[in-house]
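**Q** Sharing a structure below in structure tokens format, with a few things to ask.
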Amino acid sequence: MTVNSLPRLWIYDTTLRDGTQREGLSVSIEDKLRIARRLDRLGIPFIEGGWPGANPKDVQFFWQLQQQPLTQAEVVAFCSTRRPHRLAATEPMLQAILAAGTRWVTIFGKSWDLHVTEGLQTTLAENLAMIRDTIEYLRAQGRRVIYDAEHWFDGYKHNPTYALETLETAIAAGAEWIVLCDTNGGSLPQEIAHIVTEVSKATSSQQIQLGIHTHNDCDMAVANAIAAVAAGATMVQGTINGYGERCGNANLCSLIPNLQLKLGYKCIDDNQLQQLTETSRFVSEVVNLAPNEHAPFVGRSAFAHKGGVHVSAVERNPSTYEHIQPERVGNRRRIVISEQSGVSNVLAKARCFGINLDKHNPTTQEILKRLKELETEGYQFEAAEASFELLMHQVLGRRQQFFQVKGFQVHCNFLVQGEETASSLATVKVTVNGQDILEAAEGNGPVAALDAALRKALENFYPQIATFELTDYKVRILNGDRGTSAKTRVMVESGNGQQRWTTVGVSTNILVASYQAVVEGLEYGLWLHFQAKATVKASGGS
């Protein structure tokens, strides 16, 4: 089969339903709406919004989308078949599905006889009646139906005759898609490929479209979904960042580029594919989970190069160590600076910062020397690029001194009044433009107090500091065998609402290490501000 003859694949996102079943993940109605609109912009054809009627949040979500519909995607309501020995027309949960007002509905039913007899505690015949009655009722109400065959692969392995009978029932009742689900995530790619092929043969006369829904319990969800597509599935269900119950679902951030860039299927438009990295990070921010920096395609490290030999080769030809152009998925190449770096890393990193260096320039060697010395002391610049950029400017004699900290003190008070409470007071002495300023501030911890005192001292001179925010704080003990005298590395991430940057400090005193990282974070933020201001002025802006 040639690339041009490959069919279009229909991507079905279930982040807002299956993805939210991940342990520790919780979203509000506003969060769900924001994610849905971002997925719509990405070009996802089907977005499963949740189970209306199962909770008030999902009811409100579908109502909001009725008022302000998505522009491209079909929003889908999700529900089970009716319960045993009832009529679909009198089933309250199906009334909630109809009230959601979606054109498409996904209904899941049991494929595995074990689940019918043990889980539903009913007969195999009644399970078929539940599937048939539910789909026929929804079709009579003008809904188009996607049928999710839950536990399909386990059911087929144990009782293929009955499993196929459930599919035949769903097709006869009017389902337009049959989605085969590896609900327990225990199947392997060769099993998936074989069984999807068998289903395709068994249903070939009925012109039904097949889909695949895989879980990641064996770390095979993406591979299994690709195997199913190769065997004939044309709908692929998954979640952004692979979120989901237990070990997660098939990760659409890996599936979409693999299917589109590697195998030639049409999933979304190329310009929408370039939004994939941004979408991945957006969703992780909204659900308040740290992004996986090493995720394929969309991770910050997906196209990062650290070894000097690698960097040198990539500089000459990116194909030497990159399987695709990172820009195709909205990512970018990063040259990582560390003790393993060579001159190539320094030169490449300088170019990223807009600094022109020559490998024969003594300054380049001095930067490399200082880098290796500091990394030996415990500094880590691969994750603290702002500190490394400041280091480069310092060696080049270009580092601006916006302020100078003359000294600081931090006092911690512990009060016991029924329960233990603590507060901290920091005092700093800072010189700005030859003027000495002494300020004090309180915080709920010593670093918070120190940060507050520094801001208080500097904001009259640099009011833009009010927009800077300390967004993350990490502490690493470098030599734990030294006990309380061990050396500590502190990483501080700061932001201004548009950009984020990370700085580092190292000391045997955690407060000194924190002070170093916090001060450099403020300094780098000021440097960014004045660089942006200079750029606007140079371009003729105000």
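In the structure tokens, chains take letters A, B, ... by order of appearance, with residues numbered from 1 within each chain and ligands from 1 in the order shown.
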Please list as a list in words every residue within 9 Å of Met235 of chain A, counting only C-alpha atoms and excluding residues in the same chain fewer than 3 positions away.

**A** Arg8, Leu9, Trp10, Ile11, Tyr12, Trp177, Val179, Gln209, Leu210, Gly211, Ile212, His213 and Val229 of chain A

**Q** How would the residues just chosen look if you wrote them out with N, CA and C atoms as a CSV table (one decimal), in the first residue's frame?

**A**
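Produced file selection-v4.csv, reproduced below:
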chain,number,residue,atom,x,y,z
A,8,ARG,N,-7.5,8.0,5.8
A,8,ARG,CA,-7.5,9.0,6.8
A,8,ARG,C,-7.7,8.3,8.2
A,9,LEU,N,-7.1,8.7,9.2
A,9,LEU,CA,-7.3,8.2,10.5
A,9,LEU,C,-8.1,9.2,11.3
A,10,TRP,N,-9.1,8.7,12.1
A,10,TRP,CA,-9.9,9.6,12.9
A,10,TRP,C,-9.4,9.5,14.3
A,11,ILE,N,-8.8,10.6,14.8
A,11,ILE,CA,-8.3,10.7,16.2
A,11,ILE,C,-9.5,11.0,17.1
A,12,TYR,N,-9.5,10.2,18.2
A,12,TYR,CA,-10.6,10.4,19.2
A,12,TYR,C,-9.9,10.6,20.5
A,177,TRP,N,-19.4,2.8,14.4
A,177,TRP,CA,-18.0,2.5,14.7
A,177,TRP,C,-18.0,1.4,15.7
A,179,VAL,N,-15.2,0.0,18.3
A,179,VAL,CA,-13.9,0.3,18.9
A,179,VAL,C,-13.5,-0.9,19.8
A,209,GLN,N,-16.8,0.4,10.5
A,209,GLN,CA,-15.5,1.0,10.7
A,209,GLN,C,-15.0,0.5,12.0
A,210,LEU,N,-13.7,0.2,12.1
A,210,LEU,CA,-13.1,-0.3,13.3
A,210,LEU,C,-12.2,0.8,14.0
A,211,GLY,N,-12.2,0.8,15.3
A,211,GLY,CA,-11.3,1.6,16.0
A,211,GLY,C,-10.5,0.9,17.1
A,212,ILE,N,-9.6,1.5,17.7
A,212,ILE,CA,-8.7,0.9,18.7
A,212,ILE,C,-8.6,1.8,19.9
A,213,HIS,N,-8.6,1.2,21.1
A,213,HIS,CA,-8.5,1.9,22.4
A,213,HIS,C,-7.6,1.1,23.3
A,229,VAL,N,-3.9,-0.2,13.7
A,229,VAL,CA,-4.0,0.6,12.5
A,229,VAL,C,-3.5,-0.2,11.3

**Q** Write out, as a tab-separated table, each residue of segment 357-405 of chain A that has an atom at most 10 Å from segment 447-468 of chain A, together with the closest pair of atoms and their distance in Å to one decimal, counting only C-alpha atoms, rows going by chain and rising number.

**A**
residue	atom	partner	partner_atom	distance
A:Phe402	CA	A:Tyr462	CA	9.1
A:Phe403	CA	A:Leu458	CA	8.2
A:Val405	CA	A:Leu454	CA	8.8

**Q** Just to be explicit: take each residue in the selection above, keep C-alpha atoms, and write the result as a CSV table (one decimal), in the first residue's frame.

**A**
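Writing the result to out_33.csv gives the following:
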chain,number,residue,atom,x,y,z
A,402,PHE,CA,21.6,45.9,38.1
A,403,PHE,CA,22.1,45.7,41.9
A,405,VAL,CA,23.6,42.5,47.6

**Q** Identify, on the basis of only C-alpha atoms, every residue whose closest approach to Ile135 of chain A does not exceed 6 Å; exclude the query and any residue fewer than 3 positions from it along the same chain; express the result as a VMD selection string.

**A** chain A and resid 132 138 173

**Q** Which parts of segment 233-394 of chain A does DSSP call helix (DSSP H, G or I) when run on the backbone here, written out as a tab-separated table (two decimals) with C-alpha atoms, in the first residue's frame?

**A**
chain	number	residue	atom	x	y	z
A	240	ILE	CA	-2.91	13.90	25.60
A	241	ASN	CA	0.31	12.98	27.45
A	242	GLY	CA	-1.02	9.44	27.92
A	252	LEU	CA	-1.72	10.88	21.37
A	253	CYS	CA	1.38	13.07	21.52
A	254	SER	CA	3.36	10.03	20.36
A	255	LEU	CA	0.67	8.35	18.27
A	256	ILE	CA	-0.20	11.28	16.02
A	257	PRO	CA	3.35	12.08	14.85
A	258	ASN	CA	4.24	8.39	14.47
A	259	LEU	CA	1.15	7.73	12.38
A	260	GLN	CA	1.43	10.92	10.34
A	261	LEU	CA	5.16	11.50	9.96
A	262	LYS	CA	6.43	7.93	10.00
A	270	ASP	CA	0.52	19.84	9.16
A	271	ASN	CA	0.11	23.35	10.59
A	272	GLN	CA	-1.96	21.87	13.42
A	273	LEU	CA	0.70	19.21	14.05
A	276	LEU	CA	1.39	19.49	19.34
A	277	THR	CA	4.18	20.43	21.77
A	278	GLU	CA	2.37	23.56	22.87
A	279	THR	CA	-0.85	21.57	23.38
A	280	SER	CA	0.94	18.92	25.44
A	281	ARG	CA	2.42	21.54	27.75
A	282	PHE	CA	-0.83	23.49	27.92
A	283	VAL	CA	-2.77	20.44	29.10
A	284	SER	CA	-0.12	19.54	31.68
A	285	GLU	CA	-0.29	23.11	33.03
A	286	VAL	CA	-4.10	23.10	33.23
A	308	GLY	CA	30.21	17.04	22.54
A	309	VAL	CA	30.48	14.54	19.65
A	310	HIS	CA	26.70	14.61	19.23
A	311	VAL	CA	26.55	18.39	19.23
A	312	SER	CA	29.34	18.70	16.71
A	313	ALA	CA	27.57	16.27	14.37
A	314	VAL	CA	24.13	17.87	14.78
A	315	GLU	CA	25.60	21.26	14.01
A	316	ARG	CA	26.79	19.93	10.66
A	318	PRO	CA	20.76	17.48	12.28
A	319	SER	CA	19.83	14.10	10.77
A	320	THR	CA	22.85	12.55	12.47
A	326	PRO	CA	11.64	19.16	15.84
A	327	GLU	CA	9.72	22.09	14.34
A	328	ARG	CA	7.31	19.67	12.65
A	329	VAL	CA	5.77	18.94	16.06
A	343	VAL	CA	33.61	23.56	22.47
A	344	SER	CA	30.77	22.64	20.07
A	345	ASN	CA	28.25	22.81	22.93
A	346	VAL	CA	29.49	26.22	24.04
A	347	LEU	CA	29.41	27.63	20.50
A	348	ALA	CA	25.95	26.24	19.81
A	349	LYS	CA	24.59	27.48	23.13
A	350	ALA	CA	26.08	30.91	22.51
A	351	ARG	CA	24.26	31.10	19.20
A	352	CYS	CA	20.99	30.26	20.98
A	362	PRO	CA	40.45	32.30	24.21
A	363	THR	CA	37.15	33.47	25.68
A	364	THR	CA	35.44	30.33	24.41
A	365	GLN	CA	38.00	28.17	26.18
A	366	GLU	CA	37.60	30.25	29.34
A	367	ILE	CA	33.83	29.71	29.31
A	368	LEU	CA	34.33	25.97	28.89
A	369	LYS	CA	36.90	25.95	31.70
A	370	ARG	CA	34.60	27.84	34.09
A	371	LEU	CA	31.72	25.54	33.15
A	372	LYS	CA	33.64	22.39	34.00
A	373	GLU	CA	35.00	23.90	37.24
A	374	LEU	CA	31.53	24.89	38.44
A	375	GLU	CA	29.96	21.57	37.47
A	376	THR	CA	32.70	19.83	39.46
A	377	GLU	CA	31.60	21.91	42.47
A	385	GLU	CA	20.29	27.80	31.25
A	386	ALA	CA	19.65	31.29	32.63
A	387	SER	CA	22.57	30.91	35.03
A	388	PHE	CA	24.79	29.69	32.20
A	389	GLU	CA	23.85	32.64	30.01
A	390	LEU	CA	24.74	35.01	32.85
A	391	LEU	CA	28.05	33.14	33.23
A	392	MET	CA	28.83	33.64	29.54
A	393	HIS	CA	28.09	37.34	29.78
A	394	GLN	CA	30.33	37.57	32.84

**Q** Which residue gives the smallest distance to Asn361 of chain A among A:Leu167, A:Ala426, A:Ile178, A:Leu396, with only C-alpha atoms counted?

**A**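 Using only C-alpha atoms, Asn361 of chain A sits closest to A:Leu396.
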
**Q** Name the residues of segment 213-450 of chain A that fall into strand (DSSP E or B) according to DSSP on the backbone, using the chain letters and numbers of this document, as number ranges by chain.

**A** A: 213-215, 235-239, 249, 251, 266, 304-305, 334-335, 404-416, 420-432, 435-443

**Q** Can you write out as a tab-separated table which residues of segment 134-217 of chain A fall within 10 Å of segment 94-109 of chain A, alongside each residue's closest atom pair and its distance in Å to one decimal, counting only C-alpha atoms and ordering rows by chain and ascending residue number?

**A**
residue	atom	partner	partner_atom	distance
A:Thr134	CA	A:Ile107	CA	8.2
A:Ile135	CA	A:Ile107	CA	7.7
A:Tyr137	CA	A:Leu94	CA	9.2
A:Leu138	CA	A:Leu98	CA	8.0
A:Arg139	CA	A:Val105	CA	9.7
A:Gln141	CA	A:Leu98	CA	8.0
A:Gly142	CA	A:Arg103	CA	7.8
A:Arg143	CA	A:Arg103	CA	5.5
A:Arg144	CA	A:Trp104	CA	4.8
A:Val145	CA	A:Val105	CA	5.1
A:Ile146	CA	A:Thr106	CA	4.6
A:Tyr147	CA	A:Ile107	CA	5.1
A:Asp148	CA	A:Phe108	CA	4.4
A:Ala149	CA	A:Gly109	CA	5.7
A:Glu150	CA	A:Gly109	CA	5.8
A:His151	CA	A:Gly109	CA	9.0
A:Trp152	CA	A:Gly109	CA	9.5
A:Thr166	CA	A:Gly109	CA	8.4
A:Leu167	CA	A:Gly109	CA	9.6
A:Ala170	CA	A:Gly109	CA	9.2
A:Ala175	CA	A:Ile107	CA	9.2
A:Trp177	CA	A:Thr106	CA	9.2
A:Ile178	CA	A:Thr106	CA	9.9
A:Val179	CA	A:Phe108	CA	9.1
A:Cys181	CA	A:Phe108	CA	9.6

**Q** Kindly export the residues of the current selection with N, CA and C atoms, as a PDB file, in the first residue's frame.

**A**
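Heads up, here's the output in result.pdb:
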ATOM      1  N   THR A 134     -29.985  -0.545  23.812  1.00  0.00           N
ATOM      2  CA  THR A 134     -29.403   0.777  24.045  1.00  0.00           C
ATOM      3  C   THR A 134     -29.091   1.482  22.728  1.00  0.00           C
ATOM      4  N   ILE A 135     -28.425   0.782  21.831  1.00  0.00           N
ATOM      5  CA  ILE A 135     -28.040   1.411  20.565  1.00  0.00           C
ATOM      6  C   ILE A 135     -29.263   1.724  19.713  1.00  0.00           C
ATOM      7  N   TYR A 137     -32.252   2.402  20.717  1.00  0.00           N
ATOM      8  CA  TYR A 137     -32.963   3.537  21.304  1.00  0.00           C
ATOM      9  C   TYR A 137     -32.274   4.853  20.944  1.00  0.00           C
ATOM     10  N   LEU A 138     -30.949   4.909  21.086  1.00  0.00           N
ATOM     11  CA  LEU A 138     -30.225   6.143  20.770  1.00  0.00           C
ATOM     12  C   LEU A 138     -30.326   6.478  19.288  1.00  0.00           C
ATOM     13  N   ARG A 139     -30.270   5.470  18.444  1.00  0.00           N
ATOM     14  CA  ARG A 139     -30.423   5.707  17.007  1.00  0.00           C
ATOM     15  C   ARG A 139     -31.823   6.259  16.705  1.00  0.00           C
ATOM     16  N   GLN A 141     -33.488   8.109  18.545  1.00  0.00           N
ATOM     17  CA  GLN A 141     -33.505   9.491  19.014  1.00  0.00           C
ATOM     18  C   GLN A 141     -32.601  10.398  18.176  1.00  0.00           C
ATOM     19  N   GLY A 142     -32.115   9.879  17.072  1.00  0.00           N
ATOM     20  CA  GLY A 142     -31.329  10.691  16.140  1.00  0.00           C
ATOM     21  C   GLY A 142     -29.850  10.781  16.457  1.00  0.00           C
ATOM     22  N   ARG A 143     -29.355   9.917  17.347  1.00  0.00           N
ATOM     23  CA  ARG A 143     -27.938   9.969  17.696  1.00  0.00           C
ATOM     24  C   ARG A 143     -27.136   8.992  16.839  1.00  0.00           C
ATOM     25  N   ARG A 144     -25.899   9.361  16.540  1.00  0.00           N
ATOM     26  CA  ARG A 144     -24.965   8.456  15.865  1.00  0.00           C
ATOM     27  C   ARG A 144     -24.117   7.796  16.949  1.00  0.00           C
ATOM     28  N   VAL A 145     -23.858   6.510  16.799  1.00  0.00           N
ATOM     29  CA  VAL A 145     -23.294   5.736  17.913  1.00  0.00           C
ATOM     30  C   VAL A 145     -21.935   5.139  17.566  1.00  0.00           C
ATOM     31  N   ILE A 146     -21.004   5.350  18.497  1.00  0.00           N
ATOM     32  CA  ILE A 146     -19.718   4.651  18.514  1.00  0.00           C
ATOM     33  C   ILE A 146     -19.825   3.609  19.622  1.00  0.00           C
ATOM     34  N   TYR A 147     -19.547   2.362  19.288  1.00  0.00           N
ATOM     35  CA  TYR A 147     -19.646   1.302  20.301  1.00  0.00           C
ATOM     36  C   TYR A 147     -18.246   0.887  20.747  1.00  0.00           C
ATOM     37  N   ASP A 148     -17.946   1.133  22.026  1.00  0.00           N
ATOM     38  CA  ASP A 148     -16.687   0.698  22.625  1.00  0.00           C
ATOM     39  C   ASP A 148     -16.866  -0.712  23.188  1.00  0.00           C
ATOM     40  N   ALA A 149     -16.182  -1.673  22.579  1.00  0.00           N
ATOM     41  CA  ALA A 149     -16.234  -3.060  23.049  1.00  0.00           C
ATOM     42  C   ALA A 149     -15.229  -3.216  24.178  1.00  0.00           C
ATOM     43  N   GLU A 150     -15.723  -3.051  25.406  1.00  0.00           N
ATOM     44  CA  GLU A 150     -14.849  -3.059  26.579  1.00  0.00           C
ATOM     45  C   GLU A 150     -14.259  -4.461  26.802  1.00  0.00           C
ATOM     46  N   HIS A 151     -12.996  -4.491  27.206  1.00  0.00           N
ATOM     47  CA  HIS A 151     -12.294  -5.759  27.461  1.00  0.00           C
ATOM     48  C   HIS A 151     -12.352  -6.680  26.244  1.00  0.00           C
ATOM     49  N   TRP A 152     -12.341  -6.063  25.056  1.00  0.00           N
ATOM     50  CA  TRP A 152     -12.522  -6.861  23.849  1.00  0.00           C
ATOM     51  C   TRP A 152     -11.466  -7.945  23.689  1.00  0.00           C
ATOM     52  N   THR A 166     -21.211 -10.188  20.346  1.00  0.00           N
ATOM     53  CA  THR A 166     -21.520  -8.854  20.892  1.00  0.00           C
ATOM     54  C   THR A 166     -21.310  -7.779  19.825  1.00  0.00           C
ATOM     55  N   LEU A 167     -20.277  -7.936  19.009  1.00  0.00           N
ATOM     56  CA  LEU A 167     -20.033  -6.966  17.941  1.00  0.00           C
ATOM     57  C   LEU A 167     -21.130  -7.019  16.897  1.00  0.00           C
ATOM     58  N   ALA A 170     -24.119  -5.179  18.110  1.00  0.00           N
ATOM     59  CA  ALA A 170     -23.959  -3.716  18.066  1.00  0.00           C
ATOM     60  C   ALA A 170     -24.086  -3.186  16.639  1.00  0.00           C
ATOM     61  N   ALA A 175     -24.753   0.737  15.271  1.00  0.00           N
ATOM     62  CA  ALA A 175     -23.475   1.397  15.581  1.00  0.00           C
ATOM     63  C   ALA A 175     -22.695   1.642  14.288  1.00  0.00           C
ATOM     64  N   TRP A 177     -19.366   2.830  14.354  1.00  0.00           N
ATOM     65  CA  TRP A 177     -17.978   2.471  14.656  1.00  0.00           C
ATOM     66  C   TRP A 177     -17.978   1.370  15.701  1.00  0.00           C
ATOM     67  N   ILE A 178     -17.069   0.434  15.564  1.00  0.00           N
ATOM     68  CA  ILE A 178     -16.800  -0.561  16.600  1.00  0.00           C
ATOM     69  C   ILE A 178     -15.363  -0.336  17.058  1.00  0.00           C
ATOM     70  N   VAL A 179     -15.216   0.011  18.308  1.00  0.00           N
ATOM     71  CA  VAL A 179     -13.884   0.292  18.857  1.00  0.00           C
ATOM     72  C   VAL A 179     -13.481  -0.864  19.764  1.00  0.00           C
ATOM     73  N   CYS A 181     -11.325  -2.491  22.533  1.00  0.00           N
ATOM     74  CA  CYS A 181     -10.631  -1.934  23.698  1.00  0.00           C
ATOM     75  C   CYS A 181      -9.760  -2.973  24.397  1.00  0.00           C
TER      76      CYS A 181
END

**Q** Give me the residues within 9 Å of Leu188 of chain A as a PyMOL selection string, counting only C-alpha atoms and dropping any in the same chain fewer than 3 places off.

**A** chain A and resi 185+191-193+218+220-221+223-224

**Q** Print the selection's residues with C-alpha atoms to a file, as a PDB file, in the first residue's frame.

**A**
ATOM      1  CA  GLY A 185      -3.646  -3.107  28.852  1.00  0.00           C
ATOM      2  CA  GLU A 191      -1.900 -10.288  19.520  1.00  0.00           C
ATOM      3  CA  ILE A 192      -3.547  -6.966  18.694  1.00  0.00           C
ATOM      4  CA  ALA A 193      -2.626  -7.226  15.014  1.00  0.00           C
ATOM      5  CA  CYS A 218       2.534  -3.253  29.662  1.00  0.00           C
ATOM      6  CA  MET A 220       2.629  -1.105  24.882  1.00  0.00           C
ATOM      7  CA  ALA A 221      -0.318   1.261  24.358  1.00  0.00           C
ATOM      8  CA  ALA A 223       2.718   0.145  19.834  1.00  0.00           C
ATOM      9  CA  ASN A 224      -0.593  -1.714  20.177  1.00  0.00           C
TER      10      ASN A 224
END

**Q** Residues at most 9 Å from segment 24-34 of chain A, counting only C-alpha atoms, excluding those fewer than 2 positions away in the same chain, as a ChimeraX atom specification?

**A** /A:16,19-22,36-39,49,57-58,60-61,64-65,243,283,286-289

**Q** Once you have the residues from the selection above, write them out as a PDB file, in the first residue's frame, restricted to N, CA and C atoms.

**A**
ATOM      1  N   LEU A  16     -10.548  14.132  28.572  1.00  0.00           N
ATOM      2  CA  LEU A  16     -11.499  14.720  29.507  1.00  0.00           C
ATOM      3  C   LEU A  16     -12.372  13.690  30.209  1.00  0.00           C
ATOM      4  N   GLY A  19      -8.843  10.182  30.621  1.00  0.00           N
ATOM      5  CA  GLY A  19      -7.621  10.799  31.157  1.00  0.00           C
ATOM      6  C   GLY A  19      -7.782  11.307  32.573  1.00  0.00           C
ATOM      7  N   THR A  20      -8.972  11.808  32.897  1.00  0.00           N
ATOM      8  CA  THR A  20      -9.190  12.361  34.236  1.00  0.00           C
ATOM      9  C   THR A  20      -9.314  11.285  35.301  1.00  0.00           C
ATOM     10  N   GLN A  21      -9.303  10.006  34.873  1.00  0.00           N
ATOM     11  CA  GLN A  21      -9.324   8.922  35.856  1.00  0.00           C
ATOM     12  C   GLN A  21      -7.929   8.621  36.403  1.00  0.00           C
ATOM     13  N   ARG A  22      -6.943   9.373  35.920  1.00  0.00           N
ATOM     14  CA  ARG A  22      -5.589   9.213  36.457  1.00  0.00           C
ATOM     15  C   ARG A  22      -5.564   9.621  37.925  1.00  0.00           C
ATOM     16  N   ALA A  36     -10.775  21.398  26.029  1.00  0.00           N
ATOM     17  CA  ALA A  36     -11.585  21.049  24.857  1.00  0.00           C
ATOM     18  C   ALA A  36     -11.342  22.031  23.718  1.00  0.00           C
ATOM     19  N   ARG A  37     -11.268  23.300  24.024  1.00  0.00           N
ATOM     20  CA  ARG A  37     -11.066  24.304  22.971  1.00  0.00           C
ATOM     21  C   ARG A  37      -9.656  24.219  22.399  1.00  0.00           C
ATOM     22  N   ARG A  38      -8.696  23.870  23.221  1.00  0.00           N
ATOM     23  CA  ARG A  38      -7.333  23.710  22.700  1.00  0.00           C
ATOM     24  C   ARG A  38      -7.249  22.465  21.804  1.00  0.00           C
ATOM     25  N   LEU A  39      -7.923  21.390  22.182  1.00  0.00           N
ATOM     26  CA  LEU A  39      -7.952  20.192  21.337  1.00  0.00           C
ATOM     27  C   LEU A  39      -8.680  20.470  20.025  1.00  0.00           C
ATOM     28  N   GLY A  49     -16.206  14.205  25.992  1.00  0.00           N
ATOM     29  CA  GLY A  49     -16.271  15.201  27.054  1.00  0.00           C
ATOM     30  C   GLY A  49     -16.521  14.658  28.439  1.00  0.00           C
ATOM     31  N   LYS A  57     -20.547  18.104  37.210  1.00  0.00           N
ATOM     32  CA  LYS A  57     -19.514  18.784  36.426  1.00  0.00           C
ATOM     33  C   LYS A  57     -19.659  18.478  34.943  1.00  0.00           C
ATOM     34  N   ASP A  58     -19.879  17.204  34.607  1.00  0.00           N
ATOM     35  CA  ASP A  58     -19.988  16.832  33.204  1.00  0.00           C
ATOM     36  C   ASP A  58     -21.286  17.350  32.588  1.00  0.00           C
ATOM     37  N   GLN A  60     -22.739  20.152  33.366  1.00  0.00           N
ATOM     38  CA  GLN A  60     -22.481  21.571  33.123  1.00  0.00           C
ATOM     39  C   GLN A  60     -21.548  21.766  31.934  1.00  0.00           C
ATOM     40  N   PHE A  61     -20.575  20.897  31.779  1.00  0.00           N
ATOM     41  CA  PHE A  61     -19.630  20.981  30.667  1.00  0.00           C
ATOM     42  C   PHE A  61     -20.364  20.892  29.324  1.00  0.00           C
ATOM     43  N   GLN A  64     -22.494  23.983  28.661  1.00  0.00           N
ATOM     44  CA  GLN A  64     -21.685  25.141  28.229  1.00  0.00           C
ATOM     45  C   GLN A  64     -21.322  25.031  26.761  1.00  0.00           C
ATOM     46  N   LEU A  65     -21.011  23.826  26.306  1.00  0.00           N
ATOM     47  CA  LEU A  65     -20.642  23.653  24.898  1.00  0.00           C
ATOM     48  C   LEU A  65     -21.853  23.776  23.975  1.00  0.00           C
ATOM     49  N   TYR A 243      -2.366  10.439  29.712  1.00  0.00           N
ATOM     50  CA  TYR A 243      -3.040  10.403  31.002  1.00  0.00           C
ATOM     51  C   TYR A 243      -4.125   9.325  31.005  1.00  0.00           C
ATOM     52  N   VAL A 283      -1.926  21.372  28.331  1.00  0.00           N
ATOM     53  CA  VAL A 283      -2.765  20.445  29.098  1.00  0.00           C
ATOM     54  C   VAL A 283      -2.111  20.098  30.432  1.00  0.00           C
ATOM     55  N   VAL A 286      -2.717  22.976  32.771  1.00  0.00           N
ATOM     56  CA  VAL A 286      -4.101  23.098  33.230  1.00  0.00           C
ATOM     57  C   VAL A 286      -4.431  22.047  34.282  1.00  0.00           C
ATOM     58  N   VAL A 287      -3.949  20.820  34.086  1.00  0.00           N
ATOM     59  CA  VAL A 287      -4.249  19.763  35.064  1.00  0.00           C
ATOM     60  C   VAL A 287      -3.267  19.771  36.230  1.00  0.00           C
ATOM     61  N   ASN A 288      -2.312  20.700  36.189  1.00  0.00           N
ATOM     62  CA  ASN A 288      -1.357  20.901  37.292  1.00  0.00           C
ATOM     63  C   ASN A 288      -0.479  19.687  37.543  1.00  0.00           C
ATOM     64  N   LEU A 289       0.022  19.105  36.447  1.00  0.00           N
ATOM     65  CA  LEU A 289       0.988  18.018  36.536  1.00  0.00           C
ATOM     66  C   LEU A 289       2.256  18.447  35.802  1.00  0.00           C
TER      67      LEU A 289
END
